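One structure below.
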Amino acid sequence: MTRSVNVHHTVWDSRQIQEMLPQRYPFIMIDRVIKADRRTGKVVCVKNVTGNEGHFLGHFPDNPIMPGALILEAMGQAGILLYWLLRPEQAAKRPLYLMGTIKATFKRTVVPGDQLIIEVTKDKLLDNVGRILARAEVNGCLVMESTMSFGVIKKNG
Amino acid sequence: MSKKMTGNNDAIKKEVRKILAEVAEIPEKKIKDDADFYEDIGIDSMQGLEIFASIEKKYKIRIPEEKMPVTRSVVKVSELVAALIKKK
């Protein structure tokens, strides 16, 4: 996946991402979108992992490892950005996004200094529900892959 | 319909019922062939998508997205799957 990826190419920068995601500091898990392709239904995102992140204080003392749940969260947020790409009009209405079933395989640990490259591809997308395939790599090595289903609920009914 | 085709459809129905029972967490014997997934069995749309994804994986087919919201029972899903397998 990463062989053809230019991490400096910016499709959406951090400020644009903050306008699109419902999450806020300290829970924004995507720094940059480097590829977005409507035809194939795919986005590729970057998350730079730093030792300043609060969860490393406890996970674990003297052995900082990024919690797998947060990698899944990053995949979910990349999924929201994919929804913006594929259904911009619905996304602009600021719906609620609900995570459904997750099937994930953890392959390697992620530590401060790593750069996560997260690729999310549409599997299915209906009006109010979707399913994505996600892969996260560090330096060309797979660290996690997952499938996730999610619901999209209009606000105020 | 030929006897062979009916047999295939029965096997597909059995598999669809099994997948639905797993996702909905209810016994297979409680699922009627014409029960509506959402109205009668009470699954939500995310579970519905999981069922279609499992069926696609099992039969190595792609179910068109537009068919999913309107294909809502064991019998309807089985007919659709049989038609897609035949097209392969």
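For the structure tokens, the naming scheme is as follows: chains receive sequential letters (A, B, ...) according to their order of presentation, residues are indexed from 1 within each chain, and ligands are indexed from 1 in presentation order.
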
Polymer residues at most 12 Å from Asp34 (chain B), only C-alpha atoms, same-chain spacing of 5 or more positions, as a list of chain:residue names: B:Lys13, B:Arg17, B:Glu39, B:Asp40, B:Ile41, B:Thr71, B:Arg72, B:Ser73, B:Val74, B:Val75, B:Lys76, B:Val77, B:Ser78, B:Glu79

Can you build me a table of chain A residues sitting at most 9 Å from chain B, with the closest atom pair per residue and its distance in Å to one decimal, using only C-alpha atoms, sorted by chain and residue number, as JSON lines?
{"residue": "A:Gly100", "atom": "CA", "partner": "B:Met46", "partner_atom": "CA", "distance": 6.4}
{"residue": "A:Thr101", "atom": "CA", "partner": "B:Met46", "partner_atom": "CA", "distance": 7.7}
{"residue": "A:Asp123", "atom": "CA", "partner": "B:Ala53", "partner_atom": "CA", "distance": 8.8}
{"residue": "A:Lys124", "atom": "CA", "partner": "B:Glu65", "partner_atom": "CA", "distance": 6.8}
{"residue": "A:Leu125", "atom": "CA", "partner": "B:Glu65", "partner_atom": "CA", "distance": 7.2}
{"residue": "A:Leu126", "atom": "CA", "partner": "B:Glu65", "partner_atom": "CA", "distance": 6.7}
{"residue": "A:Asn128", "atom": "CA", "partner": "B:Ser45", "partner_atom": "CA", "distance": 7.8}
{"residue": "A:Val129", "atom": "CA", "partner": "B:Met46", "partner_atom": "CA", "distance": 6.1}
{"residue": "A:Gly130", "atom": "CA", "partner": "B:Met46", "partner_atom": "CA", "distance": 7.4}
{"residue": "A:Arg131", "atom": "CA", "partner": "B:Leu49", "partner_atom": "CA", "distance": 7.5}
{"residue": "A:Ser149", "atom": "CA", "partner": "B:Met46", "partner_atom": "CA", "distance": 6.3}
{"residue": "A:Phe150", "atom": "CA", "partner": "B:Met46", "partner_atom": "CA", "distance": 6.5}
{"residue": "A:Gly151", "atom": "CA", "partner": "B:Met46", "partner_atom": "CA", "distance": 6.4}

Could you write out the selected residues, including C-alpha atoms, as a CSV table (one decimal), in the first residue's frame?
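The new file selection.csv reads:
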chain,number,residue,atom,x,y,z
A,100,GLY,CA,-21.3,-1.3,14.6
A,101,THR,CA,-19.6,-4.6,14.3
A,123,ASP,CA,-17.2,-2.2,0.9
A,124,LYS,CA,-20.9,-1.2,1.1
A,125,LEU,CA,-22.6,2.1,1.4
A,126,LEU,CA,-26.3,2.5,1.7
A,128,ASN,CA,-28.0,5.0,6.6
A,129,VAL,CA,-25.4,2.3,6.9
A,130,GLY,CA,-22.0,1.3,5.6
A,131,ARG,CA,-19.2,-1.2,5.8
A,149,SER,CA,-19.9,-1.5,9.9
A,150,PHE,CA,-21.4,1.8,10.9
A,151,GLY,CA,-24.7,3.6,11.0

Which residue is closest to Leu72 (chain A)? Choose from A:Leu96, A:Val49, A:Val33, A:Ala136 and count only C-alpha atoms.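 Smallest distance to Leu72 (chain A) is found for A:Ala136.
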
Expected answer as an NGL selection string: alpha helix (DSSP H) residues in chain A: :A and (14-20 or 68-86 or 88-92)

What does the distance between CA of Val23 (chain B) and CA of Thr121 (chain A) come to in Å, to one decimal place? 23.3 Å

Ser54 (chain B) surroundings by only C-alpha atoms, 10 Å radius, close-in-sequence under 5 positions cut, as a list in words: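 Non-adjacent residues within range: Val16, Ile19, Leu20, Val23, Leu49, Tyr59 and Lys60 of chain B.
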
With only C-alpha atoms as the counted atoms, please give the residues lying no more than 9 Å from Gly113 (chain A), apart from itself and same-chain residues fewer than 3 positions off, as a list in words.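 These residues fall inside the cut-off: Asn48, Val49, Thr50, Gly51 and Val110 of chain A.
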
Write out, as a PDB file, in the first residue's frame, the residues just selected, with N, CA and C atoms.
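The result, written out as selection-v4.pdb:
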ATOM      1  N   ASN A  48       0.387  10.790  12.814  1.00  0.00           N
ATOM      2  CA  ASN A  48       1.717  10.783  13.418  1.00  0.00           C
ATOM      3  C   ASN A  48       1.581  10.528  14.914  1.00  0.00           C
ATOM      4  N   VAL A  49       2.290   9.546  15.391  1.00  0.00           N
ATOM      5  CA  VAL A  49       2.173   9.131  16.789  1.00  0.00           C
ATOM      6  C   VAL A  49       3.312   9.772  17.582  1.00  0.00           C
ATOM      7  N   THR A  50       2.947  10.542  18.623  1.00  0.00           N
ATOM      8  CA  THR A  50       3.989  11.208  19.412  1.00  0.00           C
ATOM      9  C   THR A  50       3.892  10.805  20.884  1.00  0.00           C
ATOM     10  N   GLY A  51       5.022  10.888  21.549  1.00  0.00           N
ATOM     11  CA  GLY A  51       5.076  10.535  22.978  1.00  0.00           C
ATOM     12  C   GLY A  51       4.307  11.492  23.857  1.00  0.00           C
ATOM     13  N   VAL A 110       2.335  -0.333  17.973  1.00  0.00           N
ATOM     14  CA  VAL A 110       2.604   1.014  17.452  1.00  0.00           C
ATOM     15  C   VAL A 110       3.125   1.850  18.614  1.00  0.00           C
TER      16      VAL A 110
END

Among the residues of region 29-100 of chain A, find those DSSP assigns to strand (DSSP E or B) from the backbone and print them as number ranges by chain. A: 32-37, 42-48, 96-100

Thr147 (chain A) environment, 10 Å, only C-alpha atoms, sequence neighbours closer than 6 positions dropped, as a list in words: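 Near neighbours after the sequence-gap exclusion: Leu72, Met75, Gly76, Thr101, Ile102, Lys103, Ala104, Thr105, Val120, Thr121, Lys122, Asp123, Arg131, Ile132, Leu133, Ala134 and Arg135 of chain A.
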
Could you please take those selected residues and save N, CA and C atoms as a PDB file, in the first residue's frame?
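Listing of result.pdb after writing:
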ATOM      1  N   LEU A  72      -8.195   1.555  16.034  1.00  0.00           N
ATOM      2  CA  LEU A  72      -9.546   1.328  15.489  1.00  0.00           C
ATOM      3  C   LEU A  72     -10.313   2.643  15.382  1.00  0.00           C
ATOM      4  N   MET A  75      -9.212   4.394  12.392  1.00  0.00           N
ATOM      5  CA  MET A  75      -9.835   3.794  11.203  1.00  0.00           C
ATOM      6  C   MET A  75     -11.283   4.276  11.047  1.00  0.00           C
ATOM      7  N   GLY A  76     -11.982   4.350  12.170  1.00  0.00           N
ATOM      8  CA  GLY A  76     -13.365   4.830  12.134  1.00  0.00           C
ATOM      9  C   GLY A  76     -13.439   6.274  11.656  1.00  0.00           C
ATOM     10  N   THR A 101     -20.486  -3.446  14.078  1.00  0.00           N
ATOM     11  CA  THR A 101     -19.614  -4.608  14.268  1.00  0.00           C
ATOM     12  C   THR A 101     -18.196  -4.301  13.781  1.00  0.00           C
ATOM     13  N   ILE A 102     -17.234  -4.724  14.580  1.00  0.00           N
ATOM     14  CA  ILE A 102     -15.829  -4.558  14.191  1.00  0.00           C
ATOM     15  C   ILE A 102     -15.168  -5.935  14.237  1.00  0.00           C
ATOM     16  N   LYS A 103     -14.485  -6.271  13.153  1.00  0.00           N
ATOM     17  CA  LYS A 103     -13.641  -7.468  13.169  1.00  0.00           C
ATOM     18  C   LYS A 103     -12.236  -6.991  12.870  1.00  0.00           C
ATOM     19  N   ALA A 104     -11.330  -7.231  13.806  1.00  0.00           N
ATOM     20  CA  ALA A 104      -9.985  -6.672  13.643  1.00  0.00           C
ATOM     21  C   ALA A 104      -8.912  -7.699  13.954  1.00  0.00           C
ATOM     22  N   THR A 105      -7.805  -7.551  13.264  1.00  0.00           N
ATOM     23  CA  THR A 105      -6.636  -8.377  13.544  1.00  0.00           C
ATOM     24  C   THR A 105      -5.463  -7.448  13.840  1.00  0.00           C
ATOM     25  N   VAL A 120      -8.608   3.258   4.020  1.00  0.00           N
ATOM     26  CA  VAL A 120      -9.979   2.799   4.230  1.00  0.00           C
ATOM     27  C   VAL A 120     -10.685   2.730   2.877  1.00  0.00           C
ATOM     28  N   THR A 121     -11.312   1.584   2.630  1.00  0.00           N
ATOM     29  CA  THR A 121     -11.986   1.365   1.343  1.00  0.00           C
ATOM     30  C   THR A 121     -13.450   1.021   1.593  1.00  0.00           C
ATOM     31  N   LYS A 122     -14.311   1.586   0.769  1.00  0.00           N
ATOM     32  CA  LYS A 122     -15.742   1.267   0.884  1.00  0.00           C
ATOM     33  C   LYS A 122     -15.985  -0.186   0.495  1.00  0.00           C
ATOM     34  N   ASP A 123     -16.742  -0.882   1.330  1.00  0.00           N
ATOM     35  CA  ASP A 123     -17.215  -2.209   0.942  1.00  0.00           C
ATOM     36  C   ASP A 123     -18.672  -2.080   0.508  1.00  0.00           C
ATOM     37  N   ARG A 131     -20.200  -0.219   5.365  1.00  0.00           N
ATOM     38  CA  ARG A 131     -19.199  -1.186   5.813  1.00  0.00           C
ATOM     39  C   ARG A 131     -17.898  -0.840   5.118  1.00  0.00           C
ATOM     40  N   ILE A 132     -16.824  -0.772   5.898  1.00  0.00           N
ATOM     41  CA  ILE A 132     -15.530  -0.396   5.323  1.00  0.00           C
ATOM     42  C   ILE A 132     -14.480  -1.452   5.641  1.00  0.00           C
ATOM     43  N   LEU A 133     -13.469  -1.476   4.785  1.00  0.00           N
ATOM     44  CA  LEU A 133     -12.305  -2.325   5.001  1.00  0.00           C
ATOM     45  C   LEU A 133     -11.148  -1.376   5.313  1.00  0.00           C
ATOM     46  N   ALA A 134     -10.430  -1.645   6.385  1.00  0.00           N
ATOM     47  CA  ALA A 134      -9.367  -0.721   6.795  1.00  0.00           C
ATOM     48  C   ALA A 134      -8.063  -1.468   7.018  1.00  0.00           C
ATOM     49  N   ARG A 135      -6.980  -0.805   6.663  1.00  0.00           N
ATOM     50  CA  ARG A 135      -5.634  -1.334   6.913  1.00  0.00           C
ATOM     51  C   ARG A 135      -4.798  -0.222   7.504  1.00  0.00           C
TER      52      ARG A 135
END

What lies within 12 Å of Asn156 (chain A) using only C-alpha atoms, ignoring chain neighbours under 4 positions off, as a list in words? Lys93, Arg94, Pro95 and Leu96 of chain A

Which one is closest to Cys45 (chain A): A:Pro88, A:Gly68, A:Gly79, A:Pro112? Count only C-alpha atoms.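 Under the stated criterion, the closest residue is A:Gly79.
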
Residues near Pro22 (chain A), cut-off 10 Å, only C-alpha atoms, skip fewer than 4 positions along chain, as a list in words: Ile17, Gln18, Phe27, Ile28, Gln77, Ile80, Arg94, Pro95, Leu96 and Tyr97 of chain A

Produce a file of the selected residues containing N, CA and C atoms, as an mmCIF file, in the first residue's frame.
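What landed in selection.cif:
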data_model
loop_
_atom_site.group_PDB
_atom_site.id
_atom_site.type_symbol
_atom_site.label_atom_id
_atom_site.label_comp_id
_atom_site.auth_asym_id
_atom_site.auth_seq_id
_atom_site.Cartn_x
_atom_site.Cartn_y
_atom_site.Cartn_z
ATOM 1 N N ILE A 17 -9.731 18.710 8.208
ATOM 2 C CA ILE A 17 -10.196 17.474 8.862
ATOM 3 C C ILE A 17 -10.999 17.820 10.116
ATOM 4 N N GLN A 18 -10.545 18.824 10.852
ATOM 5 C CA GLN A 18 -11.274 19.217 12.068
ATOM 6 C C GLN A 18 -12.658 19.773 11.736
ATOM 7 N N PHE A 27 -9.044 14.001 20.747
ATOM 8 C CA PHE A 27 -9.512 12.732 20.196
ATOM 9 C C PHE A 27 -9.577 12.743 18.672
ATOM 10 N N ILE A 28 -8.819 13.639 18.054
ATOM 11 C CA ILE A 28 -8.739 13.588 16.585
ATOM 12 C C ILE A 28 -7.553 12.704 16.214
ATOM 13 N N GLN A 77 -12.505 7.113 12.138
ATOM 14 C CA GLN A 77 -12.496 8.520 11.708
ATOM 15 C C GLN A 77 -12.150 8.626 10.219
ATOM 16 N N ILE A 80 -15.247 8.125 8.412
ATOM 17 C CA ILE A 80 -16.094 9.332 8.332
ATOM 18 C C ILE A 80 -15.610 10.236 7.189
ATOM 19 N N ARG A 94 -24.128 17.051 9.150
ATOM 20 C CA ARG A 94 -23.592 16.665 10.468
ATOM 21 C C ARG A 94 -24.409 15.563 11.139
ATOM 22 N N PRO A 95 -24.510 14.405 10.495
ATOM 23 C CA PRO A 95 -25.234 13.296 11.141
ATOM 24 C C PRO A 95 -24.430 12.716 12.299
ATOM 25 N N LEU A 96 -25.061 11.839 13.049
ATOM 26 C CA LEU A 96 -24.344 11.073 14.073
ATOM 27 C C LEU A 96 -23.819 9.800 13.425
ATOM 28 N N TYR A 97 -22.582 9.469 13.743
ATOM 29 C CA TYR A 97 -22.003 8.238 13.208
ATOM 30 C C TYR A 97 -21.910 7.226 14.347
#

Could you state the separation of CA of Phe60 (chain A) and CA of Val111 (chain A) in Å, given to one decimal place?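 That distance, rounded to one decimal, is 10.7 Å.
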
Taking only C-alpha atoms into account, which of B:Asn8, B:Val70, B:Asp36, B:Ile51 comes nearest Glu22 (chain B)?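 Checking each candidate against Glu22 (chain B), we get B:Ile51 as the closest.
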
Quick one: distance from CA of Leu21 (chain A) to CA of Ala91 (chain A) in Å, one decimal?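 CA of Ala91 (chain A) lies at a distance of 9.6 Å from CA of Leu21 (chain A).
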